[in-house]
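> Here it is: the structure, laid out below.
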Amino acid sequence: MNYCSKSPRRLWFAILLGSCLGLVTAVAQAPPGAPAALRVGVSPVFPPMVFKQNKELVGVEVDLARALGESLGRKVEFVEMPWADQIEALSAGKTDVIMSSMSITMSRRFVIDFTRPYLRVGQMTLVRREDQDRYLLGFPMNPPGIVGVLKATTGEFLVEREFPKARRKVFTSADEAAQALKKKRIDLFISDSTLIWYLAGMNSPEGLSAVPILLSEEQLAWAVHKGDDKLREAANEFLEKSSKDGSLNRIFRRWTAIGP
């Protein structure tokens, strides 16, 4: 027998019962007062800080994000996006924090707030091993050939500012830049020292090496919404605590040969 043959009272009871069951299920799935997920903006193109390994997000920032979420009692939701879109997404409320090897700069401070720094880095250069002799006496005023950089990074800003006459080629991933260097489409690649050391180690058998000269000194930190003092202070407390108990250093040692 279908519902059309039932009495109006029985039909109304069935509808009411179904609605109540749906409401109970919804309440069970989302308990009242549960903290919202911590939406972490990541661009997985910066090994060993944040990258993909067997299609899974891994790296220093990923481990730190999970540890931060646990400290705050919030589930972590990673939001992947191109690096150039990170600040806009944060400002638009699509993410709560950027944890993606971001350097503190004055221009960025105008639109976002930073936590305390957690790592000091600098810009370095990746070259073909056959070209290392060019840098024995220091870094030249005019870099030879074509300089590879990652889009919208401090590496690109440094080249624009310090070497305005250099020919630049912009990439969206470090692996793409390393491949271009090996195939002689570019002559050097400038990026964060953490990334350069990682690429040099991974591509050493194929003839790539790091030039151990820092072209700048920068501090990495996490970015939050402008005025979100609650999350910024909570993140600072986490960083201070994990620095004192050694957990921060253990995470860095897991992925890099350096510590904070």
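Residues are named by chain letter and number: chains run A, B, ... in the order of the structure tokens, numbers start at 1 in each chain, and ligands are numbered from 1 in the order shown.
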Please identify all polymer residues within 9 Å of Asp131 of chain A, counting only C-alpha atoms, omitting same-chain residues fewer than 4 positions from it, and present them as a PyMOL selection string.

chain A and resi 127+135+187

> Would you give me, as CSV, each residue of segment 109-135 of chain A having an atom within 12 Å of an atom of segment 150-163 of chain A, along with its shortest atom pair and that distance in Å to one decimal, using only C-alpha atoms and sorting by chain and residue number?


```
residue,atom,partner,partner_atom,distance
A:Val121,CA,A:Thr154,CA,11.3
A:Gly122,CA,A:Gly155,CA,9.1
A:Gln123,CA,A:Gly155,CA,6.3
A:Met124,CA,A:Gly155,CA,8.6
A:Thr125,CA,A:Gly155,CA,9.7
```

> DSSP on the backbone: which residues in segment 10-253 of chain A end up as alpha helix (DSSP H)? Give the answer as a ChimeraX atom specification.

/A:10-29,60-72,86-91,106-109,154-162,174-182,193-202,229-245,247-253

> For segment 90-106 of chain A, find every residue with an atom within 7 Å (counting only C-alpha atoms), except residues of its own chain fewer than 3 positions away, and show them as a list in words.

Leu38, Arg39, Val40, Gly41, Val42, Ser43, Met49, Val50, Glu61, Gln86, Ile87, Arg109, Phe110, Glu218, Gln219, Leu220, Ala221, Trp222, Ala223, Val224 and His225 of chain A

> What gap, in Å, lies between atom CA of Val149 of chain A and atom CA of Ser173 of chain A?

9.2 Å

> Which residues are near Phe51 of chain A? Cut-off 12 Å, only C-alpha atoms, ignore same chain within fewer than 2 positions. Put them as a list in words.

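Near Phe51 of chain A, the qualifying residues are Val42, Ser43, Pro44, Val45, Phe46, Pro47, Pro48, Met49, Gln53, Asn54, Lys55, Glu56, Leu57, Val58, Gly59, Val60, Glu61, Val62, Asp63, Glu80, Met99, Ser100, Ser101, Ser173, Ala174, Asp175, Leu195, Tyr198 and Trp255 of chain A.
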
> Mind giving me the straight-line distance from atom CA of Ser216 of chain A to atom CA of Met202 of chain A in Å, one decimal?

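Taking atom CA of Ser216 of chain A as the start and atom CA of Met202 of chain A as the end point, the length is 23.4 Å.
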
> Atom CA of Leu68 of chain A to atom CA of Ser243 of chain A: how many Å, to one decimal?

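A separation of 12.6 Å between them.
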
> Quick one: DSSP strand (DSSP E or B) residues in segment 37-205 of chain A, as a ChimeraX atom specification?

/A:38-42,45-46,50-53,56-58,76-80,97-103,112-114,119-121,123-128,146-150,167-171,188-192

> Can you tell me which residues surround Ala200 of chain A at a distance of at most 10 Å, considering only C-alpha atoms, apart from same-chain residues fewer than 2 positions away, and format the answer as a list of chain:residue names?

A:Thr125, A:Leu126, A:Val127, A:Arg128, A:Arg129, A:Ala178, A:Leu195, A:Ile196, A:Trp197, A:Tyr198, A:Met202, A:Asn203, A:Ser204, A:Pro205, A:Glu206, A:Gly207, A:Leu208, A:Ser209, A:Ala210, A:Val211

> Write out the residues from the selection above, keeping C-alpha atoms, as a PDB file, in the first residue's frame.


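In the end it all went to out_14.pdb:
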```pdb
ATOM      1  CA  THR A 125      70.936  29.263  -5.594  1.00  0.00           C
ATOM      2  CA  LEU A 126      70.740  25.871  -7.266  1.00  0.00           C
ATOM      3  CA  VAL A 127      73.045  25.328 -10.245  1.00  0.00           C
ATOM      4  CA  ARG A 128      74.459  22.597 -12.426  1.00  0.00           C
ATOM      5  CA  ARG A 129      77.599  21.208 -10.801  1.00  0.00           C
ATOM      6  CA  ALA A 178      64.866  21.661 -11.267  1.00  0.00           C
ATOM      7  CA  LEU A 195      64.094  24.151  -0.699  1.00  0.00           C
ATOM      8  CA  ILE A 196      67.480  24.578  -2.396  1.00  0.00           C
ATOM      9  CA  TRP A 197      69.236  22.172  -0.011  1.00  0.00           C
ATOM     10  CA  TYR A 198      66.430  19.644  -0.498  1.00  0.00           C
ATOM     11  CA  MET A 202      67.487  14.874  -4.337  1.00  0.00           C
ATOM     12  CA  ASN A 203      69.104  15.793  -7.652  1.00  0.00           C
ATOM     13  CA  SER A 204      72.784  15.343  -6.786  1.00  0.00           C
ATOM     14  CA  PRO A 205      73.103  12.152  -8.896  1.00  0.00           C
ATOM     15  CA  GLU A 206      71.847  14.176 -11.867  1.00  0.00           C
ATOM     16  CA  GLY A 207      74.416  16.928 -11.447  1.00  0.00           C
ATOM     17  CA  LEU A 208      72.701  19.684  -9.458  1.00  0.00           C
ATOM     18  CA  SER A 209      74.364  21.450  -6.512  1.00  0.00           C
ATOM     19  CA  ALA A 210      73.608  24.266  -4.057  1.00  0.00           C
ATOM     20  CA  VAL A 211      75.728  27.399  -3.976  1.00  0.00           C
TER      21      VAL A 211
END
```

> Here is a test: counting only C-alpha atoms, which residue of A:Leu188, A:Ala65, A:Leu181, A:Ala36 is nearest to Leu248 of chain A?

A:Ala65

> A:Trp83, A:Phe139, A:Phe78, A:Phe114: which is nearest Pro212 of chain A, counting only C-alpha atoms?

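Closest to Pro212 of chain A of all the choices is A:Phe139.
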